[in-house]
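Report on the structure given below.
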Amino acid sequence: MAEAKPVDRSDATASAEDATRRLQRRIRMTQALLPVVLLLMLLGFAAAEPRVLSFGNLANVLQQASYLFVFALAQMCVIVTRGFDLSLGTNVSAVSVLSALTLTGLVGAEGNGVAVAIFAGLLVGLGFGALVGVFNGLVVAWLRVNPFIATLGSLNICLGVASMASDGRPVFNVPDAFSQIFYSGTILGVEMPIIYAAVIGIAMALMFSRTVLGRSLFLIGSNPRAAEVAGLPTRRYLTAAYVLAGALAAFGSLMLTARTGSGEPNLGGGLRLVGESIAAAVIGGVSLRGGVGGVEAALIGALFITVLSNGMNLVRVDGYIQMIVLGAVLIGAIFLDRFRRT
Amino acid sequence: MSGQNLTGLPGRPQYSMEQLTRAMLAVGLLPILLILTVVVMSIVEPKFYGIFNVLNVLRQSSFLAIVACGQMLVLIVGGLDLSVGAVVALTSSVMAKTMQAIGFVMPEAVGLTIFGGIMAGLGCGLGIGLLNGACVAFLRISPFMVTLGTLWIATGIGLLLTNGIPVYGMPDVFINDFGRALWFGIPTTVYVALGVVFLVVLLQRKTVLGRYLYAIGGNMQAATVSGVATTGYIIIAYVLCSMLASVSGILQTARLGSGQATMGGDLLMLESIAAAVIGGASLRGGIGRAEMVALSAVFLSILSNSMNLMRIDSKMQLVILGLILVAAVAIDELGKRRQIRG
């Protein structure tokens, strides 16, 4: 962003500071405007269908948004470094199948050893997700392959793994205890998905604001050369970003698997989930050019998309028309965002 | 030019190695791989050169080559088109619906029916292409997000029109004498594909438009400063890309005999990008030759056909394709870096 010619050193620092301040103001504006739009949208839907604002539905929206929030966070980890992760969807499918297989394989016929099985399922799922991240990260950071191509490759690989491991059929008989821990249980009346989303959100916020890794990812995204010159181990951090994205996607997949109660080879559904996760992050204000973003952005974006599709469902908009609306809203939202910035 | 030519390792001490790379530089890696696959397959599996199989491969590669050439044009200007698969589906639905409607009103006017259908199909490509181009060039929205939006819009419209059910009622002449016909023993599709590739090669080498597209992708600012109307040319690139996708959609529909909103899809889009990139087009823009991209479409089609004949599990094929894609680009990148250092 700092495009000033450094005539004099203090001048350059001043203009850089100026740019940072402008950037911050810009982000603040995005964050101020979107909630208003979100509220207007909610009220609009409520005018057509009062049930939209019922407590039950709002709780439902929150629960649904927590999945998309986790996936948007995963996507944000790499988008702030100027990348993205196309393999997220099929990674989710593969993790769902592999962890469900582990769970059903380890639980004895009499239902003993559930705790061990759940732990192993969690480990296998997160491990595979992280492994996909390692592959993406190595290919992007060390081989310098464009993230699009690298994650397109791993998209294919994960799709192959998911359908080979499951033979294309859902893996049933996931133990109830697993569903309880990751889906149906409650703590103080709050559903588990919301709790996980909140914990992950807070952890990621701390990671991005307090740790060297988090701060460095922003620098790598906004100015890779500067990051390199500053002596940051950019390759290692980049890889870490992809590993984090893979592991977060895997955790989201475990949450979804608990909800469906089976390992689904189509859980991540081609590019749909990838598209929605990127859209959520970008609508919320994460820039595809890297260096700009925040946990709040992912949250607002996820809420935005969830409220939109929930509202359209309640107002009984045809599923195909919903798709068209989603596409138009995506372009519109990003256009408005650009418009505000210039 | 094409990435394969850059994989040579100049300045290496081993003389024989250098000779080998020289030879490869002259021909390129892709043709060698292609010939190798064909030779090995012909020895291993006699069915490979059976007439039905050859015709089948030719047809498949024609469909892909046309879309990949369009994708390459967009890649050259530094863009990306995720919507090509959806445009194929939309074209198929709209064309079949139009033919059905005209055929219903005027059963005698077969010529008009076919003409109207094709025009409506191409109109879809024109419309989506203009939308993509305008959003990217005028509104400066990231091509990834724009075409993700139009992907959803086009898919939604296609499904809405057909309800996901195949549309019959196209004139028999169109299907039997064009879509499934052989001219001099070769599918009609192949002639169309050869024509398209020839025209794109001509466009790239002999026209101002072609040269400007390279210039814009190579250095947008330099092109603008030199007085190139970049906005207009970028829109033209997107329109050409979508219209070529439409052409492929028309051919596939004529071959299938019905309009289907599930045609093309994400797989075709991913394949088109893979073909363009393996054919040497760079995602950074400015590089790409139609003849190499067409060759790489043939290579990909032969490869998947060979794997089918060898009875390699279709899921395993996905994994292999993913690895080949990443490897091709990684080798390309490594070659470039070697050359810069050497």
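Letters A, B, ... mark the chains of the structure tokens in the order given; residue numbers begin at 1 per chain; ligand numbers begin at 1, in order shown.
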
Return as CSV the residues of region 216-320 of chain B lying at most 9 Å from region 157-176 of chain B, together with the closest atom-to-atom pair for each and the distance in Å to one decimal, counting only C-alpha atoms, with rows in chain order and ascending residue number.
residue,atom,partner,partner_atom,distance
B:Thr253,CA,B:Ile175,CA,8.5
B:Ala254,CA,B:Ile175,CA,5.0
B:Arg255,CA,B:Ile175,CA,6.3
B:Leu256,CA,B:Ile175,CA,7.9
B:Gly257,CA,B:Ile175,CA,5.7
B:Ser258,CA,B:Tyr168,CA,4.9
B:Gly259,CA,B:Val167,CA,4.7
B:Gln260,CA,B:Pro166,CA,4.8
B:Ala261,CA,B:Gly158,CA,5.3
B:Thr262,CA,B:Gly164,CA,7.1

Margin query: Counting only C-alpha atoms, a student should be able to say which residues of chain B come within 9 Å of chain A; what is the right answer, written as a VMD selection string?
Written below: chain B and resid 135 139 to 142 145 to 160 163 266 to 267 270 273 to 274 277 283 to 284 313 to 326 329 to 334

Next item on the list: Just list the residues in region 24-269 of chain B DSSP gives strand (DSSP E or B) on the backbone, as a PyMOL selection string.
Entry: chain B and resi 167+182-183+186-187+259

Next item on the list: Write out as a list in words the residues lying within 6 Å of Ser66 (chain A), counting only C-alpha atoms and excluding same-chain residues fewer than 3 positions away.
Entry: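 In the requested format, the answer is Gln63, Phe69, Ile194 and Ala197 of chain A.
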
Checklist line | Pick from A:Gly189, A:Gly293, A:Pro147, A:Gly214, whichever lies nearest to Leu86 (chain A) using only C-alpha atoms | finding: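 The closest residue to Leu86 (chain A) is A:Pro147.
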
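Between Ser222 (chain A) and the residues A:Val92, A:Ala250, A:Leu33, A:Val80, the shortest atom-to-atom distance, using only C-alpha atoms, involves A:Val80.
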
Next item on the list: Extract, using only C-alpha atoms, all DNA, RNA and protein residues at most 10 Å from Ala198 (chain A), discarding same-chain residues fewer than 5 positions from it, and format them as a ChimeraX atom specification.
Entry: /A:66,69-70,192-193,203-204,299

Can you spit out the residues from that selection as a PDB file, in the first residue's frame, using N, CA and C atoms?
ATOM      1  N   SER A  66     -22.450 -20.920  12.582  1.00  0.00           N
ATOM      2  CA  SER A  66     -21.194 -21.282  13.239  1.00  0.00           C
ATOM      3  C   SER A  66     -20.341 -22.188  12.352  1.00  0.00           C
ATOM      4  N   PHE A  69     -18.848 -19.975   9.704  1.00  0.00           N
ATOM      5  CA  PHE A  69     -17.858 -19.115  10.363  1.00  0.00           C
ATOM      6  C   PHE A  69     -16.514 -19.838  10.470  1.00  0.00           C
ATOM      7  N   VAL A  70     -16.559 -21.093  10.905  1.00  0.00           N
ATOM      8  CA  VAL A  70     -15.310 -21.859  11.034  1.00  0.00           C
ATOM      9  C   VAL A  70     -14.639 -22.007   9.663  1.00  0.00           C
ATOM     10  N   MET A 192     -23.593 -26.869  21.235  1.00  0.00           N
ATOM     11  CA  MET A 192     -22.158 -27.098  21.066  1.00  0.00           C
ATOM     12  C   MET A 192     -21.552 -26.393  19.844  1.00  0.00           C
ATOM     13  N   PRO A 193     -22.185 -26.448  18.648  1.00  0.00           N
ATOM     14  CA  PRO A 193     -21.550 -25.785  17.499  1.00  0.00           C
ATOM     15  C   PRO A 193     -21.234 -24.320  17.775  1.00  0.00           C
ATOM     16  N   ALA A 203      -9.802 -17.822  19.817  1.00  0.00           N
ATOM     17  CA  ALA A 203      -8.423 -18.297  19.663  1.00  0.00           C
ATOM     18  C   ALA A 203      -7.787 -17.693  18.415  1.00  0.00           C
ATOM     19  N   MET A 204      -8.557 -17.636  17.323  1.00  0.00           N
ATOM     20  CA  MET A 204      -8.002 -17.091  16.090  1.00  0.00           C
ATOM     21  C   MET A 204      -7.767 -15.590  16.222  1.00  0.00           C
ATOM     22  N   LEU A 299     -16.944 -13.442  10.745  1.00  0.00           N
ATOM     23  CA  LEU A 299     -18.198 -13.615  11.486  1.00  0.00           C
ATOM     24  C   LEU A 299     -19.356 -12.922  10.769  1.00  0.00           C
TER      25      LEU A 299
END

Margin query: Just want the 10 Å neighbourhood of Glu296 (chain A), counted on only C-alpha atoms, with same-chain residues fewer than 3 positions away dropped. Output as a ChimeraX atom specification.
Written below: /A:31,69,73,201,205,281,284-286,293,299-302

Check: Between CA of Leu42 (chain A) and CA of Val315 (chain A), what is the spacing in Å?
Finding: 11.8 Å

Note to self: For a test of reading the model, state the distance in Å between CA of Gly263 (chain A) and CA of Ala94 (chain A), rounded to one decimal.
What the structure shows: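 Computed distance, CA of Gly263 (chain A) to CA of Ala94 (chain A), equals 8.7 Å.
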
Next item on the list: Compile the contact shell of Ala276 (chain B) as a PyMOL selection string: residues with an atom at most 6 Å away, counting only C-alpha atoms, same-chain residues fewer than 3 positions apart removed.
Entry: chain B and resi 68+72+273+279+281+293

Would you save the residues of that selection, restricted to N, CA, C and O atoms, as a CSV table (one decimal), in the first residue's frame?
chain,number,residue,atom,x,y,z
B,68,ALA,N,-11.0,-24.8,-23.3
B,68,ALA,CA,-9.6,-24.4,-22.7
B,68,ALA,C,-9.0,-23.2,-23.5
B,68,ALA,O,-8.3,-22.4,-22.9
B,72,MET,N,-7.9,-19.8,-21.8
B,72,MET,CA,-6.5,-19.3,-22.0
B,72,MET,C,-6.5,-17.8,-22.3
B,72,MET,O,-5.7,-17.0,-21.8
B,273,ILE,N,-9.1,-25.1,-16.9
B,273,ILE,CA,-7.9,-24.4,-16.3
B,273,ILE,C,-6.7,-25.3,-16.3
B,273,ILE,O,-5.6,-24.8,-16.7
B,279,GLY,N,-0.8,-26.5,-20.7
B,279,GLY,CA,-0.4,-26.0,-22.0
B,279,GLY,C,0.5,-24.8,-22.0
B,279,GLY,O,0.8,-24.3,-23.0
B,281,ALA,N,0.0,-21.8,-20.3
B,281,ALA,CA,-0.6,-20.5,-20.0
B,281,ALA,C,-0.3,-20.2,-18.5
B,281,ALA,O,-0.3,-21.1,-17.7
B,293,VAL,N,-2.2,-25.2,-25.8
B,293,VAL,CA,-3.4,-25.5,-25.0
B,293,VAL,C,-4.2,-26.6,-25.5
B,293,VAL,O,-4.7,-27.5,-24.8

Note to self: Please report the interatomic distance between CA of Val61 (chain A) and CA of Ala298 (chain A) in Å with one decimal.
What the structure shows: 15.3 Å

Next item on the list: Between B:Asn308, B:Ser83, B:Gln71, B:Ser42, single out the one closest to Ala294 (chain B), counting only C-alpha atoms.
Entry: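 Looking at the shortest contact to Ala294 (chain B), the residue is B:Gln71.
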
Next item on the list: Please provide the set of residues having any atom within 6 Å of Phe218 (chain A), restricted to only C-alpha atoms, with same-chain residues fewer than 3 positions apart removed, written as a list of chain:residue names.
Entry: A:Val80, A:Arg215, A:Gly221, A:Gly291

Same residues, N, CA and C atoms, output as a compact mmCIF listing (two decimals), in the first residue's frame:
# COMPACT_ATOMS: atom_id res chain seq x y z
N VAL A 80 -5.51 -13.92 3.72
CA VAL A 80 -4.70 -12.76 4.13
C VAL A 80 -3.27 -12.86 3.59
N ARG A 215 0.62 -11.88 13.18
CA ARG A 215 1.02 -10.58 12.65
C ARG A 215 1.79 -10.75 11.35
N GLY A 221 0.99 -10.98 3.52
CA GLY A 221 -0.08 -10.70 2.56
C GLY A 221 0.00 -9.30 1.99
N GLY A 291 -3.47 -9.23 3.24
CA GLY A 291 -3.10 -8.21 4.21
C GLY A 291 -4.23 -7.55 4.97

Where does DSSP see helix (DSSP H, G or I) in region 33-154 of chain A, if you list the residues as a short mmCIF file (atom, residue, chain, number, x, y, z; two decimals) with N, CA and C atoms, in the first residue's frame?
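Wrote it out as states13.cif, contents follow:
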data_model
loop_
_atom_site.label_atom_id
_atom_site.label_comp_id
_atom_site.auth_asym_id
_atom_site.auth_seq_id
_atom_site.Cartn_x
_atom_site.Cartn_y
_atom_site.Cartn_z
N LEU A 33 -20.74 -0.65 8.34
CA LEU A 33 -21.83 -0.67 7.38
C LEU A 33 -22.51 -2.04 7.30
N LEU A 34 -21.71 -3.10 7.32
CA LEU A 34 -22.28 -4.43 7.11
C LEU A 34 -23.34 -4.82 8.14
N PRO A 35 -23.08 -4.58 9.44
CA PRO A 35 -24.12 -4.93 10.40
C PRO A 35 -25.43 -4.22 10.12
N VAL A 36 -25.35 -2.97 9.63
CA VAL A 36 -26.56 -2.23 9.30
C VAL A 36 -27.30 -2.94 8.17
N VAL A 37 -26.55 -3.32 7.14
CA VAL A 37 -27.16 -4.03 6.01
C VAL A 37 -27.79 -5.34 6.50
N LEU A 38 -27.05 -6.01 7.38
CA LEU A 38 -27.51 -7.29 7.93
C LEU A 38 -28.84 -7.10 8.66
N LEU A 39 -28.89 -6.04 9.47
CA LEU A 39 -30.10 -5.75 10.25
C LEU A 39 -31.27 -5.43 9.32
N LEU A 40 -30.99 -4.59 8.29
CA LEU A 40 -32.03 -4.24 7.34
C LEU A 40 -32.57 -5.48 6.65
N MET A 41 -31.64 -6.38 6.31
CA MET A 41 -32.04 -7.61 5.63
C MET A 41 -32.96 -8.42 6.53
N LEU A 42 -32.56 -8.54 7.80
CA LEU A 42 -33.37 -9.29 8.77
C LEU A 42 -34.76 -8.68 8.86
N LEU A 43 -34.82 -7.34 8.99
CA LEU A 43 -36.11 -6.67 9.12
C LEU A 43 -36.95 -6.85 7.86
N GLY A 44 -36.28 -6.79 6.70
CA GLY A 44 -36.98 -6.98 5.44
C GLY A 44 -37.64 -8.35 5.38
N PHE A 45 -36.86 -9.38 5.73
CA PHE A 45 -37.42 -10.73 5.73
C PHE A 45 -38.54 -10.84 6.77
N ALA A 46 -38.33 -10.18 7.93
CA ALA A 46 -39.31 -10.27 9.00
C ALA A 46 -40.64 -9.64 8.57
N ALA A 47 -40.54 -8.58 7.74
CA ALA A 47 -41.77 -7.94 7.27
C ALA A 47 -42.58 -8.92 6.43
N ALA A 48 -41.87 -9.75 5.66
CA ALA A 48 -42.58 -10.70 4.81
C ALA A 48 -42.99 -11.95 5.59
N PRO A 50 -42.96 -13.05 9.68
CA PRO A 50 -42.60 -12.70 11.06
C PRO A 50 -41.78 -13.77 11.77
N ARG A 51 -41.93 -15.04 11.34
CA ARG A 51 -41.20 -16.11 12.03
C ARG A 51 -39.68 -15.92 11.97
N VAL A 52 -39.22 -15.11 11.01
CA VAL A 52 -37.78 -14.90 10.87
C VAL A 52 -37.17 -14.43 12.18
N LEU A 53 -37.92 -13.57 12.89
CA LEU A 53 -37.36 -12.99 14.12
C LEU A 53 -37.71 -13.79 15.38
N PHE A 55 -37.44 -16.52 18.33
CA PHE A 55 -36.24 -16.93 19.04
C PHE A 55 -35.67 -18.23 18.47
N GLY A 56 -36.57 -19.15 18.18
CA GLY A 56 -36.15 -20.45 17.63
C GLY A 56 -35.37 -20.29 16.35
N ASN A 57 -35.87 -19.42 15.46
CA ASN A 57 -35.20 -19.25 14.18
C ASN A 57 -33.85 -18.55 14.35
N LEU A 58 -33.81 -17.55 15.22
CA LEU A 58 -32.54 -16.84 15.41
C LEU A 58 -31.49 -17.78 15.96
N ALA A 59 -31.90 -18.65 16.88
CA ALA A 59 -30.97 -19.64 17.43
C ALA A 59 -30.49 -20.58 16.33
N ASN A 60 -31.43 -20.92 15.47
CA ASN A 60 -31.11 -21.78 14.33
C ASN A 60 -30.09 -21.12 13.40
N VAL A 61 -30.32 -19.82 13.13
CA VAL A 61 -29.39 -19.08 12.26
C VAL A 61 -28.00 -19.07 12.88
N LEU A 62 -27.96 -18.81 14.18
CA LEU A 62 -26.66 -18.77 14.86
C LEU A 62 -25.95 -20.11 14.73
N GLN A 63 -26.71 -21.17 14.92
CA GLN A 63 -26.09 -22.50 14.86
C GLN A 63 -25.58 -22.79 13.46
N GLN A 64 -26.40 -22.47 12.45
CA GLN A 64 -25.96 -22.72 11.07
C GLN A 64 -24.76 -21.86 10.70
N ALA A 65 -24.78 -20.62 11.19
CA ALA A 65 -23.69 -19.71 10.84
C ALA A 65 -22.38 -20.16 11.47
N SER A 66 -22.45 -20.92 12.58
CA SER A 66 -21.19 -21.28 13.24
C SER A 66 -20.34 -22.19 12.35
N TYR A 67 -21.00 -23.04 11.53
CA TYR A 67 -20.20 -23.89 10.63
C TYR A 67 -19.50 -23.02 9.58
N LEU A 68 -20.31 -22.16 8.94
CA LEU A 68 -19.74 -21.33 7.89
C LEU A 68 -18.65 -20.41 8.45
N PHE A 69 -18.85 -19.97 9.70
CA PHE A 69 -17.86 -19.12 10.36
C PHE A 69 -16.51 -19.84 10.47
N VAL A 70 -16.56 -21.09 10.91
CA VAL A 70 -15.31 -21.86 11.03
C VAL A 70 -14.64 -22.01 9.66
N PHE A 71 -15.44 -22.31 8.63
CA PHE A 71 -14.85 -22.47 7.30
C PHE A 71 -14.33 -21.13 6.76
N ALA A 72 -15.04 -20.07 7.06
CA ALA A 72 -14.57 -18.75 6.61
C ALA A 72 -13.27 -18.38 7.31
N LEU A 73 -13.14 -18.76 8.60
CA LEU A 73 -11.88 -18.51 9.31
C LEU A 73 -10.74 -19.28 8.66
N ALA A 74 -11.03 -20.54 8.32
CA ALA A 74 -10.01 -21.36 7.66
C ALA A 74 -9.56 -20.67 6.38
N GLN A 75 -10.54 -20.24 5.61
CA GLN A 75 -10.24 -19.58 4.34
C GLN A 75 -9.47 -18.28 4.58
N MET A 76 -9.82 -17.55 5.66
CA MET A 76 -9.18 -16.27 5.92
C MET A 76 -7.70 -16.42 6.20
N CYS A 77 -7.34 -17.50 6.92
CA CYS A 77 -5.91 -17.73 7.23
C CYS A 77 -5.06 -17.64 5.97
N VAL A 78 -5.56 -18.20 4.86
CA VAL A 78 -4.75 -18.18 3.65
C VAL A 78 -5.05 -16.97 2.77
N ILE A 79 -6.28 -16.45 2.84
CA ILE A 79 -6.59 -15.29 2.00
C ILE A 79 -5.77 -14.08 2.42
N LEU A 88 -10.73 -26.92 0.34
CA LEU A 88 -11.48 -26.96 1.60
C LEU A 88 -12.68 -27.91 1.52
N GLY A 89 -13.46 -27.82 0.45
CA GLY A 89 -14.68 -28.62 0.34
C GLY A 89 -14.39 -30.12 0.35
N THR A 90 -13.47 -30.55 -0.50
CA THR A 90 -13.21 -31.99 -0.59
C THR A 90 -12.40 -32.46 0.62
N ASN A 91 -11.64 -31.56 1.22
CA ASN A 91 -10.95 -31.87 2.48
C ASN A 91 -12.01 -32.21 3.54
N VAL A 92 -13.06 -31.39 3.59
CA VAL A 92 -14.16 -31.64 4.53
C VAL A 92 -14.77 -33.03 4.28
N SER A 93 -14.99 -33.35 3.00
CA SER A 93 -15.56 -34.66 2.69
C SER A 93 -14.63 -35.79 3.15
N ALA A 94 -13.35 -35.66 2.82
CA ALA A 94 -12.40 -36.72 3.15
C ALA A 94 -12.30 -36.89 4.67
N VAL A 95 -12.22 -35.78 5.40
CA VAL A 95 -12.12 -35.86 6.86
C VAL A 95 -13.36 -36.53 7.44
N SER A 96 -14.53 -36.17 6.89
CA SER A 96 -15.78 -36.74 7.38
C SER A 96 -15.75 -38.27 7.24
N VAL A 97 -15.35 -38.73 6.05
CA VAL A 97 -15.32 -40.17 5.81
C VAL A 97 -14.28 -40.85 6.69
N LEU A 98 -13.07 -40.29 6.71
CA LEU A 98 -11.98 -40.96 7.44
C LEU A 98 -12.28 -41.01 8.94
N SER A 99 -12.78 -39.90 9.49
CA SER A 99 -13.02 -39.92 10.94
C SER A 99 -14.20 -40.83 11.26
N ALA A 100 -15.20 -40.86 10.39
CA ALA A 100 -16.34 -41.75 10.64
C ALA A 100 -15.90 -43.20 10.57
N LEU A 101 -15.00 -43.52 9.63
CA LEU A 101 -14.49 -44.89 9.53
C LEU A 101 -13.73 -45.27 10.79
N THR A 102 -12.91 -44.32 11.27
CA THR A 102 -12.15 -44.59 12.49
C THR A 102 -13.09 -44.83 13.66
N LEU A 103 -14.11 -43.96 13.76
CA LEU A 103 -15.06 -44.07 14.86
C LEU A 103 -15.77 -45.42 14.83
N THR A 104 -16.34 -45.76 13.67
CA THR A 104 -17.12 -47.00 13.61
C THR A 104 -16.22 -48.21 13.72
N GLY A 105 -14.97 -48.06 13.26
CA GLY A 105 -14.06 -49.20 13.32
C GLY A 105 -13.61 -49.52 14.74
N LEU A 106 -13.48 -48.47 15.56
CA LEU A 106 -12.91 -48.68 16.90
C LEU A 106 -13.95 -48.98 17.96
N VAL A 114 -15.84 -46.16 23.54
CA VAL A 114 -16.31 -45.01 22.77
C VAL A 114 -15.36 -43.83 22.92
N ALA A 115 -14.89 -43.64 24.15
CA ALA A 115 -14.02 -42.49 24.41
C ALA A 115 -12.76 -42.56 23.56
N VAL A 116 -12.15 -43.75 23.54
CA VAL A 116 -10.94 -43.93 22.74
C VAL A 116 -11.25 -43.68 21.27
N ALA A 117 -12.38 -44.23 20.82
CA ALA A 117 -12.75 -44.09 19.41
C ALA A 117 -12.93 -42.63 19.03
N ILE A 118 -13.60 -41.88 19.90
CA ILE A 118 -13.84 -40.47 19.59
C ILE A 118 -12.51 -39.71 19.53
N PHE A 119 -11.65 -40.04 20.49
CA PHE A 119 -10.35 -39.37 20.49
C PHE A 119 -9.59 -39.70 19.21
N ALA A 120 -9.61 -40.99 18.82
CA ALA A 120 -8.90 -41.40 17.61
C ALA A 120 -9.52 -40.75 16.37
N GLY A 121 -10.85 -40.69 16.35
CA GLY A 121 -11.52 -40.07 15.20
C GLY A 121 -11.13 -38.61 15.06
N LEU A 122 -11.10 -37.93 16.19
CA LEU A 122 -10.70 -36.52 16.22
C LEU A 122 -9.27 -36.37 15.69
N LEU A 123 -8.41 -37.26 16.18
CA LEU A 123 -7.00 -37.21 15.79
C LEU A 123 -6.82 -37.46 14.30
N VAL A 124 -7.49 -38.51 13.81
CA VAL A 124 -7.38 -38.85 12.39
C VAL A 124 -7.91 -37.71 11.53
N GLY A 125 -9.07 -37.17 11.92
CA GLY A 125 -9.67 -36.08 11.15
C GLY A 125 -8.76 -34.87 11.09
N LEU A 126 -8.35 -34.40 12.28
CA LEU A 126 -7.50 -33.21 12.32
C LEU A 126 -6.16 -33.49 11.64
N GLY A 127 -5.66 -34.71 11.83
CA GLY A 127 -4.38 -35.08 11.23
C GLY A 127 -4.46 -35.01 9.71
N PHE A 128 -5.53 -35.58 9.15
CA PHE A 128 -5.65 -35.55 7.69
C PHE A 128 -5.78 -34.12 7.19
N GLY A 129 -6.62 -33.33 7.88
CA GLY A 129 -6.79 -31.94 7.48
C GLY A 129 -5.46 -31.19 7.48
N ALA A 130 -4.70 -31.41 8.55
CA ALA A 130 -3.40 -30.75 8.65
C ALA A 130 -2.46 -31.22 7.55
N LEU A 131 -2.56 -32.52 7.23
CA LEU A 131 -1.70 -33.09 6.18
C LEU A 131 -2.00 -32.43 4.83
N VAL A 132 -3.28 -32.25 4.55
CA VAL A 132 -3.66 -31.56 3.32
C VAL A 132 -3.06 -30.15 3.33
N GLY A 133 -3.12 -29.52 4.52
CA GLY A 133 -2.53 -28.20 4.66
C GLY A 133 -1.03 -28.22 4.41
N VAL A 134 -0.36 -29.25 4.91
CA VAL A 134 1.09 -29.36 4.71
C VAL A 134 1.39 -29.46 3.21
N PHE A 135 0.62 -30.30 2.53
CA PHE A 135 0.81 -30.45 1.08
C PHE A 135 0.63 -29.09 0.38
N ASN A 136 -0.51 -28.44 0.66
CA ASN A 136 -0.78 -27.13 0.05
C ASN A 136 0.34 -26.15 0.35
N GLY A 137 0.71 -26.11 1.64
CA GLY A 137 1.71 -25.14 2.07
C GLY A 137 3.06 -25.38 1.41
N LEU A 138 3.48 -26.65 1.37
CA LEU A 138 4.77 -26.95 0.75
C LEU A 138 4.76 -26.56 -0.72
N VAL A 139 3.67 -26.92 -1.41
CA VAL A 139 3.61 -26.65 -2.84
C VAL A 139 3.56 -25.14 -3.10
N VAL A 140 2.80 -24.42 -2.27
CA VAL A 140 2.69 -22.97 -2.49
C VAL A 140 3.97 -22.26 -2.07
N ALA A 141 4.48 -22.59 -0.87
CA ALA A 141 5.59 -21.81 -0.32
C ALA A 141 6.94 -22.23 -0.90
N TRP A 142 7.16 -23.53 -1.05
CA TRP A 142 8.49 -23.97 -1.49
C TRP A 142 8.58 -24.11 -3.00
N PRO A 147 -1.40 -20.61 -5.69
CA PRO A 147 -2.32 -21.28 -4.75
C PRO A 147 -3.52 -21.89 -5.45
N PHE A 148 -3.97 -21.24 -6.51
CA PHE A 148 -5.13 -21.77 -7.24
C PHE A 148 -4.83 -23.18 -7.75
N ILE A 149 -3.69 -23.32 -8.41
CA ILE A 149 -3.33 -24.62 -8.99
C ILE A 149 -3.01 -25.62 -7.89
N ALA A 150 -2.25 -25.17 -6.89
CA ALA A 150 -1.84 -26.10 -5.82
C ALA A 150 -3.06 -26.69 -5.14
N THR A 151 -4.03 -25.82 -4.78
CA THR A 151 -5.18 -26.34 -4.04
C THR A 151 -6.17 -27.01 -4.99
N LEU A 152 -6.10 -26.68 -6.28
CA LEU A 152 -6.91 -27.42 -7.26
C LEU A 152 -6.42 -28.86 -7.31
N GLY A 153 -5.10 -29.02 -7.27
CA GLY A 153 -4.52 -30.36 -7.24
C GLY A 153 -4.97 -31.12 -6.02
N SER A 154 -4.88 -30.49 -4.85
CA SER A 154 -5.25 -31.22 -3.63
C SER A 154 -6.76 -31.40 -3.55
#
